[in-house]
Structure formats: structure tokens, C-alpha cells
file start-v8.tsv (TSV, C-alpha atoms (C1' of nucleotides))
chain	number	residue	atom	x	y	z
H	1	MET	CA	-3.46	17.19	47.66
H	2	ALA	CA	-3.62	13.67	48.96
H	3	ARG	CA	-0.73	11.53	50.03
H	4	ALA	CA	1.61	10.71	47.19
H	5	PRO	CA	1.02	7.31	45.61
H	6	THR	CA	3.25	4.48	46.70
H	7	THR	CA	4.37	4.23	43.11
H	8	THR	CA	5.82	7.72	43.15
H	9	ASP	CA	9.35	6.82	44.11
H	10	ALA	CA	11.45	4.43	46.15
H	11	PHE	CA	10.83	6.36	49.35
H	12	ASN	CA	7.10	5.80	49.11
H	13	ALA	CA	7.42	2.24	47.89
H	14	ILE	CA	9.58	1.04	50.78
H	15	ALA	CA	7.36	2.58	53.44
H	16	GLU	CA	5.34	-0.62	53.45
H	17	PRO	CA	7.02	-3.34	55.55
H	18	ARG	CA	5.82	-6.17	53.36
H	19	ARG	CA	7.55	-4.61	50.43
H	20	ARG	CA	10.76	-4.34	52.37
H	21	GLN	CA	10.40	-8.00	53.22
H	22	ILE	CA	10.04	-8.81	49.57
H	23	ILE	CA	13.15	-6.83	48.81
H	24	ASP	CA	15.01	-8.66	51.54
H	25	LEU	CA	13.90	-11.99	50.17
H	26	LEU	CA	14.97	-11.10	46.67
H	27	ALA	CA	18.33	-9.90	47.93
H	28	GLY	CA	19.04	-13.33	49.32
H	29	ALA	CA	18.41	-15.07	46.03
H	30	GLY	CA	19.04	-14.40	42.39
H	31	GLU	CA	15.47	-14.85	41.32
H	32	ARG	CA	12.26	-15.86	42.95
H	33	ALA	CA	8.92	-16.90	41.59
H	34	VAL	CA	5.77	-15.29	42.95
H	35	GLY	CA	4.53	-18.50	44.52
H	36	ASP	CA	7.83	-18.81	46.27
H	37	LEU	CA	7.36	-15.37	47.80
H	38	VAL	CA	3.79	-16.16	48.70
H	39	GLY	CA	5.04	-19.12	50.66
H	40	ALA	CA	7.70	-17.10	52.42
H	41	LEU	CA	5.50	-14.15	53.25
H	42	ARG	CA	2.41	-16.12	54.21
H	43	LEU	CA	0.27	-13.60	52.47
H	44	PRO	CA	-2.41	-14.28	49.89
H	45	GLN	CA	-1.14	-14.34	46.35
H	46	PRO	CA	-3.08	-11.32	45.09
H	47	ALA	CA	-1.61	-9.21	47.86
H	48	VAL	CA	1.88	-10.28	46.92
H	49	SER	CA	1.25	-9.60	43.27
H	50	LYS	CA	0.06	-6.14	44.09
H	51	HIS	CA	3.12	-5.37	46.17
H	52	LEU	CA	5.26	-6.63	43.35
H	53	GLY	CA	3.37	-4.34	41.04
H	54	VAL	CA	4.29	-1.35	43.14
H	55	LEU	CA	7.93	-2.40	43.29
H	56	ARG	CA	7.90	-2.93	39.56
H	57	SER	CA	6.56	0.51	38.83
H	58	VAL	CA	9.39	2.13	40.71
H	59	ARG	CA	11.83	-0.28	39.08
H	60	ILE	CA	13.02	-1.80	42.33
H	61	VAL	CA	12.28	-5.20	40.87
H	62	SER	CA	12.08	-6.57	37.37
H	63	VAL	CA	10.33	-9.62	36.02
H	64	SER	CA	11.09	-12.24	33.47
H	65	ARG	CA	8.91	-15.09	32.41
H	66	ARG	CA	10.15	-18.57	32.88
H	67	GLY	CA	7.61	-21.10	31.84
H	68	ARG	CA	4.39	-20.29	33.52
H	69	ARG	CA	6.00	-18.47	36.35
H	70	ARG	CA	7.32	-14.98	36.63
H	71	MET	CA	10.73	-14.69	38.10
H	72	TYR	CA	11.34	-11.54	40.04
H	73	ARG	CA	14.75	-10.15	40.64
H	74	LEU	CA	15.97	-7.24	42.66
H	75	ASN	CA	17.23	-4.08	41.06
H	76	ALA	CA	18.75	-2.65	44.20
H	77	ARG	CA	20.26	0.33	42.47
H	78	GLU	CA	16.91	2.07	42.73
H	79	LEU	CA	17.45	2.19	46.46
H	80	LYS	CA	20.51	4.34	46.09
H	81	PRO	CA	18.63	7.64	46.41
H	82	VAL	CA	17.30	6.49	49.74
H	83	HIS	CA	20.73	5.46	50.86
H	84	ASP	CA	22.29	8.67	49.65
H	85	TRP	CA	19.79	10.73	51.54
H	86	VAL	CA	19.92	8.91	54.82
H	87	LYS	CA	23.65	8.41	54.70
H	88	THR	CA	24.21	12.09	55.33
H	89	TYR	CA	22.81	11.58	58.81
H	90	GLU	CA	24.99	8.65	59.71
H	91	ARG	CA	27.38	10.88	61.59
H	92	PHE	CA	24.66	11.68	64.10
H	93	TRP	CA	24.79	8.25	65.65
H	94	SER	CA	28.03	6.58	64.58
H	95	HIS	CA	31.15	6.65	66.73
H	96	GLN	CA	31.81	8.88	69.63
H	97	LEU	CA	34.08	10.59	67.15
H	98	GLY	CA	31.31	11.40	64.77
H	99	ARG	CA	29.21	12.89	67.50
H	100	ILE	CA	32.01	15.07	68.67
H	101	LYS	CA	32.73	16.21	65.17
H	102	GLU	CA	29.09	16.92	64.61
H	103	ARG	CA	28.80	19.00	67.75
H	104	ALA	CA	31.80	20.99	66.68
H	105	GLU	CA	30.27	21.70	63.29
H	106	GLN	CA	27.06	22.71	64.93
H	107	LYS	CA	28.81	25.02	67.30
H	108	ALA	CA	30.67	26.61	64.43
H	109	ARG	CA	27.39	27.32	62.75
H	110	GLU	CA	25.63	28.65	65.78
H	111	GLY	CA	27.14	32.09	66.15
H	112	SER	CA	25.33	33.24	63.00
H	113	SER	CA	21.92	31.79	63.81
H	114	GLN	CA	20.00	32.91	66.87
H	115	PRO	CA	22.00	35.76	68.25
H	116	ASN	CA	19.11	37.35	70.09
H	117	LYS	CA	16.59	36.84	72.82
H	118	PRO	CA	13.53	38.70	71.58
L	1	MET	CA	-6.40	-2.65	55.75
L	2	ALA	CA	-5.57	0.80	54.55
L	3	ARG	CA	-2.17	2.28	54.06
L	4	ALA	CA	-0.23	2.64	57.27
L	5	PRO	CA	-0.35	6.12	58.79
L	6	THR	CA	2.59	8.39	58.18
L	7	THR	CA	3.06	8.47	61.92
L	8	THR	CA	3.72	4.75	62.08
L	9	ASP	CA	7.48	4.87	61.81
L	10	ALA	CA	10.37	6.72	60.23
L	11	PHE	CA	9.95	4.90	56.92
L	12	ASN	CA	6.46	6.24	56.51
L	13	ALA	CA	7.28	9.68	57.82
L	14	ILE	CA	10.14	10.33	55.41
L	15	ALA	CA	8.20	9.24	52.37
L	16	GLU	CA	6.93	12.79	52.03
L	17	PRO	CA	9.51	15.05	50.33
L	18	ARG	CA	8.56	18.12	52.33
L	19	ARG	CA	9.33	16.29	55.50
L	20	ARG	CA	12.72	15.30	54.18
L	21	GLN	CA	13.31	18.93	53.36
L	22	ILE	CA	12.45	19.90	56.90
L	23	ILE	CA	14.88	17.31	58.19
L	24	ASP	CA	17.55	18.66	55.88
L	25	LEU	CA	16.93	22.17	57.11
L	26	LEU	CA	17.12	21.14	60.71
L	27	ALA	CA	20.32	19.24	60.09
L	28	GLY	CA	21.99	22.42	58.94
L	29	ALA	CA	21.14	24.32	62.11
L	30	GLY	CA	20.93	23.59	65.77
L	31	GLU	CA	17.39	24.82	66.16
L	32	ARG	CA	14.84	26.46	63.97
L	33	ALA	CA	11.60	28.20	64.70
L	34	VAL	CA	8.51	27.27	62.73
L	35	GLY	CA	8.28	30.63	61.02
L	36	ASP	CA	11.85	30.20	59.92
L	37	LEU	CA	10.95	26.90	58.27
L	38	VAL	CA	7.86	28.41	56.72
L	39	GLY	CA	10.06	31.01	55.09
L	40	ALA	CA	12.52	28.44	53.83
L	41	LEU	CA	9.93	25.99	52.53
L	42	ARG	CA	7.59	28.55	51.06
L	43	LEU	CA	4.65	26.59	52.29
L	44	PRO	CA	1.73	27.87	54.36
L	45	GLN	CA	2.29	27.75	58.08
L	46	PRO	CA	-0.43	25.19	58.90
L	47	ALA	CA	1.04	22.78	56.39
L	48	VAL	CA	4.46	23.09	57.98
L	49	SER	CA	3.01	22.65	61.45
L	50	LYS	CA	1.29	19.49	60.34
L	51	HIS	CA	4.45	18.04	58.86
L	52	LEU	CA	6.25	18.89	62.06
L	53	GLY	CA	3.51	17.11	63.94
L	54	VAL	CA	4.17	13.94	61.99
L	55	LEU	CA	7.89	14.19	62.54
L	56	ARG	CA	7.29	14.79	66.21
L	57	SER	CA	5.14	11.73	66.61
L	58	VAL	CA	7.87	9.50	65.25
L	59	ARG	CA	10.41	11.39	67.36
L	60	ILE	CA	12.48	12.56	64.43
L	61	VAL	CA	12.21	16.07	65.79
L	62	SER	CA	11.65	17.52	69.21
L	63	VAL	CA	10.35	20.90	70.27
L	64	SER	CA	11.12	23.34	72.99
L	65	ARG	CA	9.42	26.62	73.68
L	66	ARG	CA	11.42	29.74	73.56
L	67	GLY	CA	9.34	32.78	74.19
L	68	ARG	CA	6.44	32.65	71.84
L	69	ARG	CA	8.16	30.48	69.33
L	70	ARG	CA	8.71	26.78	69.21
L	71	MET	CA	12.20	25.72	68.43
L	72	TYR	CA	12.51	22.47	66.57
L	73	ARG	CA	15.59	20.38	66.59
L	74	LEU	CA	16.52	17.23	64.76
L	75	ASN	CA	16.77	13.92	66.51
L	76	ALA	CA	18.50	12.13	63.68
L	77	ARG	CA	19.01	8.93	65.58
L	78	GLU	CA	15.48	7.94	64.68
L	79	LEU	CA	16.66	7.64	61.10
L	80	LYS	CA	19.08	4.89	61.98
L	81	PRO	CA	16.63	2.06	61.25
L	82	VAL	CA	16.21	3.40	57.76
L	83	HIS	CA	19.93	3.65	57.31
L	84	ASP	CA	20.51	0.20	58.73
L	85	TRP	CA	18.03	-1.31	56.38
L	86	VAL	CA	19.15	0.37	53.20
L	87	LYS	CA	22.82	0.06	54.01
L	88	THR	CA	22.69	-3.67	53.43
L	89	TYR	CA	22.09	-2.91	49.78
L	90	GLU	CA	24.96	-0.55	49.34
L	91	ARG	CA	27.14	-3.27	47.87
L	92	PHE	CA	24.80	-3.52	44.92
L	93	TRP	CA	25.93	-0.24	43.45
L	94	SER	CA	29.18	0.76	45.08
L	95	HIS	CA	32.47	0.05	43.37
L	96	GLN	CA	33.20	-2.46	40.73
L	97	LEU	CA	34.63	-4.46	43.59
L	98	GLY	CA	31.36	-4.60	45.42
L	99	ARG	CA	29.55	-5.76	42.39
L	100	ILE	CA	32.00	-8.52	41.71
L	101	LYS	CA	31.80	-9.67	45.27
L	102	GLU	CA	28.05	-9.60	45.16
L	103	ARG	CA	27.92	-11.64	41.98
L	104	ALA	CA	30.17	-14.21	43.56
L	105	GLU	CA	27.92	-14.50	46.58
L	106	GLN	CA	24.93	-14.84	44.37
L	107	LYS	CA	26.57	-17.55	42.33
L	108	ALA	CA	27.47	-19.41	45.49
L	109	ARG	CA	23.86	-19.35	46.53
L	110	GLU	CA	22.46	-20.38	43.20
L	111	GLY	CA	23.22	-24.08	43.12
L	112	SER	CA	20.72	-24.71	45.90
L	113	SER	CA	17.89	-22.62	44.53
L	114	GLN	CA	16.32	-23.52	41.22
L	115	PRO	CA	17.84	-26.84	40.33
L	116	ASN	CA	15.08	-27.84	37.97
L	117	LYS	CA	13.35	-26.92	34.79
L	118	PRO	CA	9.76	-28.02	35.44
S	1	DT	C1'	-6.89	44.50	79.42
S	2	DT	C1'	-6.09	44.55	74.77
S	3	DG	C1'	-3.90	43.69	70.50
S	4	DA	C1'	-0.73	41.38	67.75
S	5	DC	C1'	2.39	37.73	67.00
S	6	DA	C1'	3.70	32.69	66.54
S	7	DC	C1'	1.88	28.30	66.23
S	8	DA	C1'	-1.34	24.48	66.59
S	9	DT	C1'	-5.70	22.40	65.65
S	10	DT	C1'	-10.05	21.50	63.32
S	11	DC	C1'	-12.94	20.85	59.41
S	12	DC	C1'	-13.05	20.05	54.61
S	13	DT	C1'	-12.25	17.26	50.10
S	14	DA	C1'	-10.09	14.49	46.45
S	15	DT	C1'	-7.29	10.75	46.23
S	16	DA	C1'	-4.98	6.51	47.17
S	17	DT	C1'	-4.32	2.82	49.85
S	18	DG	C1'	-3.91	-2.72	51.44
S	19	DG	C1'	-6.30	-6.52	51.91
S	20	DG	C1'	-10.41	-9.74	50.75
S	21	DA	C1'	-13.06	-11.96	47.23
S	22	DA	C1'	-13.81	-12.99	42.76
S	23	DT	C1'	-12.41	-13.19	38.15
S	24	DA	C1'	-9.31	-12.76	34.14
S	25	DT	C1'	-4.99	-14.05	31.78
S	26	DT	C1'	-1.28	-16.94	30.25
S	27	DA	C1'	1.25	-21.20	29.75
S	28	DT	C1'	1.62	-26.22	30.30
S	29	DG	C1'	0.41	-31.02	30.01
S	30	DT	C1'	-2.54	-34.42	28.09
D	1	DA	C1'	-9.40	-28.56	22.88
D	2	DC	C1'	-9.41	-28.75	27.71
D	3	DA	C1'	-8.33	-28.80	32.57
D	4	DT	C1'	-5.16	-26.94	35.57
D	5	DA	C1'	-1.33	-24.33	37.49
D	6	DA	C1'	0.68	-19.71	38.23
D	7	DT	C1'	-0.11	-14.83	38.23
D	8	DA	C1'	-2.37	-10.62	37.41
D	9	DT	C1'	-6.34	-7.69	37.58
D	10	DT	C1'	-10.76	-5.85	39.11
D	11	DC	C1'	-14.11	-4.51	42.43
D	12	DC	C1'	-14.94	-3.77	47.14
D	13	DC	C1'	-14.34	-0.82	51.57
D	14	DA	C1'	-12.48	1.43	55.76
D	15	DT	C1'	-8.98	4.48	56.59
D	16	DA	C1'	-5.71	8.08	56.16
D	17	DT	C1'	-3.80	11.37	53.97
D	18	DA	C1'	-1.88	16.80	52.18
D	19	DG	C1'	-3.29	20.96	51.54
D	20	DG	C1'	-6.76	25.02	51.95
D	21	DA	C1'	-9.54	27.81	54.99
D	22	DA	C1'	-10.84	29.08	59.30
D	23	DT	C1'	-10.32	29.11	64.04
D	24	DG	C1'	-8.13	28.15	68.64
D	25	DT	C1'	-4.23	28.78	72.01
D	26	DG	C1'	-0.55	30.80	74.36
D	27	DT	C1'	2.77	34.65	74.93
D	28	DC	C1'	4.66	39.16	74.71
D	29	DA	C1'	4.22	44.39	74.79
D	30	DA	C1'	2.09	48.56	75.89

call {"tool": "encode", "arguments": {"input": "start-v8.tsv", "output": "C-alpha cells"}}
result
Amino acid sequence: MARAPTTTDAFNAIAEPRRRQIIDLLAGAGERAVGDLVGALRLPQPAVSKHLGVLRSVRIVSVSRRGRRRMYRLNARELKPVHDWVKTYERFWSHQLGRIKERAEQKAREGSSQPNKP
Amino acid sequence: MARAPTTTDAFNAIAEPRRRQIIDLLAGAGERAVGDLVGALRLPQPAVSKHLGVLRSVRIVSVSRRGRRRMYRLNARELKPVHDWVKTYERFWSHQLGRIKERAEQKAREGSSQPNKP
DNA sequence: TTGACACATTCCTATATGGGAATATTATGT
DNA sequence: ACATAATATTCCCATATAGGAATGTGTCAA
């Protein structure tokens, strides 16, 4: 099998930094036209359109036509799975407290894991 | 340019579901040998080794030799950039409160954005 | 030493990429 | 109807995959 398409899910879609930039830009504004994004990203228009296409297909953004432009808006909820997944690791770096707690949990688990030196 | 290698950063590395699984498995235990992971993932050993190689090169995991096995352990801190990025979007789906707040912010921004119907 | 175990690496292939260049599509103004 | 603005789509290519198969490497045990 080859690498999963970028359009597979949010995880694959946000791997590309330009797409994260687009998301960031859309988060700071209600709507943005493509040309607007092109100006901000300093990337050729077809490239931007293609990135938007990927984000559209995983529903991270949605479009609406306004005159001859297409207004893109963020649908951040699609990022929730990413957040949910990575959030479970927050305790590994937050607070001294979290680290202590984590070490305790780990220790509690350890007795049942590698009891033997082969 | 082609797609960025999976070894570029954490964002690219975690796009692959199997690698997230490996991370999840390592989070639940202090250390795990490769064969152990092979058993849990039900994936051929070379495939697992290759995924571990990717995770190693972005420092999400680290290895240590113990006898003839290699013990892998999670270095979750490398996931922090992902968490930091996605966390800024949490307000978009959490609580009614968050959403209200977010809408207010958006409204505040809007006056200065698209003042004109071309 | 030899054999077996635990892993890593190499070679293979189908598939998808991101950007560049060129072209197609859609809507507006005249 | 026509030119033009704003976007999308298509064709191109170098590059990198994930998995399968086969092979290499290092370590223990007898």
C-alpha cells in the first residue's frame, strides 16, 4: 500500500504546513476569498486552490459563492479528532504535577509488565 | 515539490494510523519490545520496524537495547507542537460558552474585513 | 562454532503527492 | 456578445511512501 491520501482524514490533511497556515488564516477571520489567501500566503493561486480542495474534502473548510469569488470559512470542528487524540498526551509535558502523576501511574503499571531478565 | 517525508516532523509522522496506534501502545507501558508490538498490532515485523524507524527519526520514540531485544519507549514531548497548534481551536467546539465567546470575537473582527459589496 | 532468536535493512511496486504551467470555468461589467 | 476578473482543473514530474519478500545484523545458548 502507498501512503494514505491527504484527503483521507484531518490527520493527513494538516500534515502539510501550508494547509495549517490556511487554517490559521481562516481562524482569524470569518470568511476569506481565495485571492485574499493567495496574497497572504504568497503562493501561486493554483497551489492555494489545490490546498483548499484538500481541506474541503475533509470538511475542514467550506465554501460559499459571493459574486465571482468563493468565500472560504473554517469548520474547525473537524479538528476535534486530532485534538482528542493528542490531548491524552498533554500530561506528559504539562506541570511538574502532571509528570509526577504520570510517573506514578507508570510505576503502578510496571510490576505486571517485564518481570524477567531473559 | 513532492509531499513532505513522513520523517519531517511530528505532524507528518502521526498522519499514519498505525503509528498512532504504536504511540498509544507505548503510552500504556513504560517500555515495549518490538515483538510485543508486532503481537499487539498484528502486522508483520518489518512493517512495525519501519514505522518505529519513522517515529525514531522524529524523536517520538527512543530505543534501548536489552539483551537481544530493543525496548522502545515513548517520548511524548515531541507531540507538544501538535497539541499546541490544535489546542487553539478547542474553543470552536467546546461548551456552548466557548462558542458564544468565539462568535463574539468573530463579530468584533468583522467590521474591518469585508466592508464592501463589489 | 553453530543455530536460533529478535530486529533492522534492502529491494520491489502501485500510488499519491505539491508545485509549475497551461487551460477551463464561472460571474461581472459594458 | 465580449473582455476580464476570480477560481478551479488538468497535465506534468521528481519524490516518497506502506507493505511484501528476502536478506542482513547482532546476541544468546549450548

call {"tool": "atom_distance", "arguments": {"input": "start-v8.tsv", "atom1": "C1' of DG20 in chain D", "atom2": "CA of Phe11 in chain H"}}
result
25.8 Å

call {"tool": "atom_distance", "arguments": {"input": "start-v8.tsv", "atom1": "CA of Ala4 in chain H", "atom2": "C1' of DA14 in chain D"}}
result
18.9 Å

call {"tool": "atom_distance", "arguments": {"input": "start-v8.tsv", "atom1": "CA of Arg19 in chain H", "atom2": "CA of His51 in chain H"}}
result
6.2 Å

call {"tool": "closest_atom_pairs", "arguments": {"input": "start-v8.tsv", "of": "chain H", "to": "chain D", "cutoff": "12 Å", "atoms": "only C-alpha atoms (C1' of nucleotides)", "output": "CSV"}}
result
residue,atom,partner,partner_atom,distance
H:Met1,CA,D:DA18,C1',4.8
H:Ala2,CA,D:DA18,C1',4.8
H:Arg3,CA,D:DT17,C1',5.0
H:Ala4,CA,D:DA18,C1',8.6
H:Pro5,CA,D:DT17,C1',10.5
H:Ala33,CA,D:DA6,C1',9.3
H:Val34,CA,D:DT7,C1',7.6
H:Gly35,CA,D:DA6,C1',7.5
H:Asp36,CA,D:DA6,C1',10.8
H:Val38,CA,D:DT7,C1',11.3
H:Pro44,CA,D:DT7,C1',11.9
H:Gln45,CA,D:DT7,C1',8.2
H:Pro46,CA,D:DA8,C1',7.7
H:Ala47,CA,D:DA8,C1',10.6
H:Val48,CA,D:DT7,C1',10.0
H:Ser49,CA,D:DA8,C1',7.0
H:Lys50,CA,D:DA8,C1',8.4
H:His51,CA,D:DA8,C1',11.6
H:Leu52,CA,D:DA8,C1',10.5
H:Gly53,CA,D:DA8,C1',9.3
H:Val63,CA,D:DT7,C1',11.9
H:Arg65,CA,D:DT7,C1',10.7
H:Arg66,CA,D:DA6,C1',10.9
H:Gly67,CA,D:DA6,C1',9.5
H:Arg68,CA,D:DA6,C1',6.0
H:Arg69,CA,D:DA6,C1',5.8
H:Arg70,CA,D:DT7,C1',7.6
H:Met71,CA,D:DT7,C1',10.8
H:Pro118,CA,D:DC28,C1',9.4

call {"tool": "write_last_selection", "arguments": {"input": "start-v8.tsv", "atoms": "C-alpha atoms", "output": "short mmCIF file (atom, residue, chain, number, x, y, z; two decimals), in the coordinates of the input"}}
result
data_model
loop_
_atom_site.label_atom_id
_atom_site.label_comp_id
_atom_site.auth_asym_id
_atom_site.auth_seq_id
_atom_site.Cartn_x
_atom_site.Cartn_y
_atom_site.Cartn_z
CA MET H 1 -3.46 17.19 47.66
CA ALA H 2 -3.62 13.67 48.96
CA ARG H 3 -0.73 11.53 50.03
CA ALA H 4 1.61 10.71 47.19
CA PRO H 5 1.02 7.31 45.61
CA ALA H 33 8.92 -16.90 41.59
CA VAL H 34 5.77 -15.29 42.95
CA GLY H 35 4.53 -18.50 44.52
CA ASP H 36 7.83 -18.81 46.27
CA VAL H 38 3.79 -16.16 48.70
CA PRO H 44 -2.41 -14.28 49.89
CA GLN H 45 -1.14 -14.34 46.35
CA PRO H 46 -3.08 -11.32 45.09
CA ALA H 47 -1.61 -9.21 47.86
CA VAL H 48 1.88 -10.28 46.92
CA SER H 49 1.25 -9.60 43.27
CA LYS H 50 0.06 -6.14 44.09
CA HIS H 51 3.12 -5.37 46.17
CA LEU H 52 5.26 -6.63 43.35
CA GLY H 53 3.37 -4.34 41.04
CA VAL H 63 10.33 -9.62 36.02
CA ARG H 65 8.91 -15.09 32.41
CA ARG H 66 10.15 -18.57 32.88
CA GLY H 67 7.61 -21.10 31.84
CA ARG H 68 4.39 -20.29 33.52
CA ARG H 69 6.00 -18.47 36.35
CA ARG H 70 7.32 -14.98 36.63
CA MET H 71 10.73 -14.69 38.10
CA PRO H 118 13.53 38.70 71.58
#

call {"tool": "closest_atom_pairs", "arguments": {"input": "start-v8.tsv", "of": "chain S", "to": "chain L", "cutoff": "6 Å", "atoms": "all atoms listed in the file", "output": "JSON lines"}}
result
{"residue": "S:DA6", "atom": "C1'", "partner": "L:Arg69", "partner_atom": "CA", "distance": 5.7}
{"residue": "S:DT17", "atom": "C1'", "partner": "L:Arg3", "partner_atom": "CA", "distance": 4.8}
{"residue": "S:DG18", "atom": "C1'", "partner": "L:Met1", "partner_atom": "CA", "distance": 5.0}
{"residue": "S:DG19", "atom": "C1'", "partner": "L:Met1", "partner_atom": "CA", "distance": 5.5}

call {"tool": "write_last_selection", "arguments": {"input": "start-v8.tsv", "atoms": "C-alpha atoms (C1' of nucleotides)", "output": "compact mmCIF listing (two decimals), keeping the file's coordinate frame"}}
result
# COMPACT_ATOMS: atom_id res chain seq x y z
C1' DA S 6 3.70 32.69 66.54
C1' DT S 17 -4.32 2.82 49.85
C1' DG S 18 -3.91 -2.72 51.44
C1' DG S 19 -6.30 -6.52 51.91

call {"tool": "closest_atom_pairs", "arguments": {"input": "start-v8.tsv", "of": "chain L", "to": "chain H", "cutoff": "9 Å", "atoms": "all atoms listed in the file", "output": "JSON lines"}}
result
{"residue": "L:Arg3", "atom": "CA", "partner": "H:Glu16", "partner_atom": "CA", "distance": 8.1}
{"residue": "L:Ala4", "atom": "CA", "partner": "H:Glu16", "partner_atom": "CA", "distance": 7.5}
{"residue": "L:Thr6", "atom": "CA", "partner": "H:Ala15", "partner_atom": "CA", "distance": 8.9}
{"residue": "L:Asp9", "atom": "CA", "partner": "H:Ala15", "partner_atom": "CA", "distance": 8.7}
{"residue": "L:Ala10", "atom": "CA", "partner": "H:Ala15", "partner_atom": "CA", "distance": 8.5}
{"residue": "L:Phe11", "atom": "CA", "partner": "H:Ala15", "partner_atom": "CA", "distance": 4.9}
{"residue": "L:Asn12", "atom": "CA", "partner": "H:Ala15", "partner_atom": "CA", "distance": 4.9}
{"residue": "L:Ala13", "atom": "CA", "partner": "H:Ala15", "partner_atom": "CA", "distance": 8.3}
{"residue": "L:Ile14", "atom": "CA", "partner": "H:Phe11", "partner_atom": "CA", "distance": 7.3}
{"residue": "L:Ala15", "atom": "CA", "partner": "H:Asn12", "partner_atom": "CA", "distance": 4.9}
{"residue": "L:Glu16", "atom": "CA", "partner": "H:Ala4", "partner_atom": "CA", "distance": 7.5}
{"residue": "L:Pro17", "atom": "CA", "partner": "H:Phe11", "partner_atom": "CA", "distance": 8.8}
{"residue": "L:Arg20", "atom": "CA", "partner": "H:Trp85", "partner_atom": "CA", "distance": 8.8}
{"residue": "L:Ala27", "atom": "CA", "partner": "H:Tyr89", "partner_atom": "CA", "distance": 8.2}
{"residue": "L:Gly28", "atom": "CA", "partner": "H:Gln106", "partner_atom": "CA", "distance": 7.9}
{"residue": "L:Ala29", "atom": "CA", "partner": "H:Gln106", "partner_atom": "CA", "distance": 6.8}
{"residue": "L:Gly30", "atom": "CA", "partner": "H:Gln106", "partner_atom": "CA", "distance": 6.2}
{"residue": "L:Glu31", "atom": "CA", "partner": "H:Gln114", "partner_atom": "CA", "distance": 8.5}
{"residue": "L:Arg32", "atom": "CA", "partner": "H:Gln114", "partner_atom": "CA", "distance": 8.8}
{"residue": "L:Arg66", "atom": "CA", "partner": "H:Lys117", "partner_atom": "CA", "distance": 8.8}
{"residue": "L:Gly67", "atom": "CA", "partner": "H:Pro118", "partner_atom": "CA", "distance": 7.7}
{"residue": "L:Asn75", "atom": "CA", "partner": "H:Phe92", "partner_atom": "CA", "distance": 8.5}
{"residue": "L:Ala76", "atom": "CA", "partner": "H:Phe92", "partner_atom": "CA", "distance": 6.2}
{"residue": "L:Arg77", "atom": "CA", "partner": "H:Trp93", "partner_atom": "CA", "distance": 5.8}
{"residue": "L:Leu79", "atom": "CA", "partner": "H:Val86", "partner_atom": "CA", "distance": 7.2}
{"residue": "L:Lys80", "atom": "CA", "partner": "H:Glu90", "partner_atom": "CA", "distance": 7.4}
{"residue": "L:Val82", "atom": "CA", "partner": "H:Val86", "partner_atom": "CA", "distance": 7.3}
{"residue": "L:His83", "atom": "CA", "partner": "H:Val86", "partner_atom": "CA", "distance": 5.8}
{"residue": "L:Trp85", "atom": "CA", "partner": "H:Arg20", "partner_atom": "CA", "distance": 8.8}
{"residue": "L:Val86", "atom": "CA", "partner": "H:His83", "partner_atom": "CA", "distance": 5.8}
{"residue": "L:Lys87", "atom": "CA", "partner": "H:His83", "partner_atom": "CA", "distance": 6.6}
{"residue": "L:Tyr89", "atom": "CA", "partner": "H:Ala76", "partner_atom": "CA", "distance": 6.5}
{"residue": "L:Glu90", "atom": "CA", "partner": "H:Lys80", "partner_atom": "CA", "distance": 7.4}
{"residue": "L:Phe92", "atom": "CA", "partner": "H:Ala76", "partner_atom": "CA", "distance": 6.2}
{"residue": "L:Trp93", "atom": "CA", "partner": "H:Arg77", "partner_atom": "CA", "distance": 5.8}
{"residue": "L:Gln106", "atom": "CA", "partner": "H:Gly30", "partner_atom": "CA", "distance": 6.2}
{"residue": "L:Lys107", "atom": "CA", "partner": "H:Gly30", "partner_atom": "CA", "distance": 8.2}
{"residue": "L:Arg109", "atom": "CA", "partner": "H:Ala29", "partner_atom": "CA", "distance": 6.9}
{"residue": "L:Glu110", "atom": "CA", "partner": "H:Gly30", "partner_atom": "CA", "distance": 6.9}
{"residue": "L:Ser113", "atom": "CA", "partner": "H:Ala29", "partner_atom": "CA", "distance": 7.7}
{"residue": "L:Gln114", "atom": "CA", "partner": "H:Glu31", "partner_atom": "CA", "distance": 8.7}
{"residue": "L:Lys117", "atom": "CA", "partner": "H:Gly67", "partner_atom": "CA", "distance": 8.7}
{"residue": "L:Pro118", "atom": "CA", "partner": "H:Gly67", "partner_atom": "CA", "distance": 8.1}

call {"tool": "decode", "arguments": {"input": "start-v8.tsv", "residues": "range 3-16 of chain D", "atoms": "C-alpha atoms (C1' of nucleotides)", "output": "PDB file, in the first residue's frame"}}
result
ATOM      1  C1'  DA D   3     -13.391  41.036 -22.428  1.00  0.00           C
ATOM      2  C1'  DT D   4     -11.866  40.397 -17.977  1.00  0.00           C
ATOM      3  C1'  DA D   5     -11.576  39.047 -13.154  1.00  0.00           C
ATOM      4  C1'  DA D   6     -11.550  35.168  -9.849  1.00  0.00           C
ATOM      5  C1'  DT D   7     -11.061  30.291  -9.244  1.00  0.00           C
ATOM      6  C1'  DA D   8     -10.754  25.601 -10.423  1.00  0.00           C
ATOM      7  C1'  DT D   9      -8.894  21.872 -13.083  1.00  0.00           C
ATOM      8  C1'  DT D  10      -5.644  19.287 -15.909  1.00  0.00           C
ATOM      9  C1'  DC D  11      -1.211  17.685 -17.256  1.00  0.00           C
ATOM     10  C1'  DC D  12       3.460  17.433 -15.990  1.00  0.00           C
ATOM     11  C1'  DC D  13       7.359  15.345 -12.975  1.00  0.00           C
ATOM     12  C1'  DA D  14      10.521  14.194  -9.123  1.00  0.00           C
ATOM     13  C1'  DT D  15       9.962  12.193  -4.900  1.00  0.00           C
ATOM     14  C1'  DA D  16       8.372   9.430  -1.195  1.00  0.00           C
TER      15       DA D  16
END
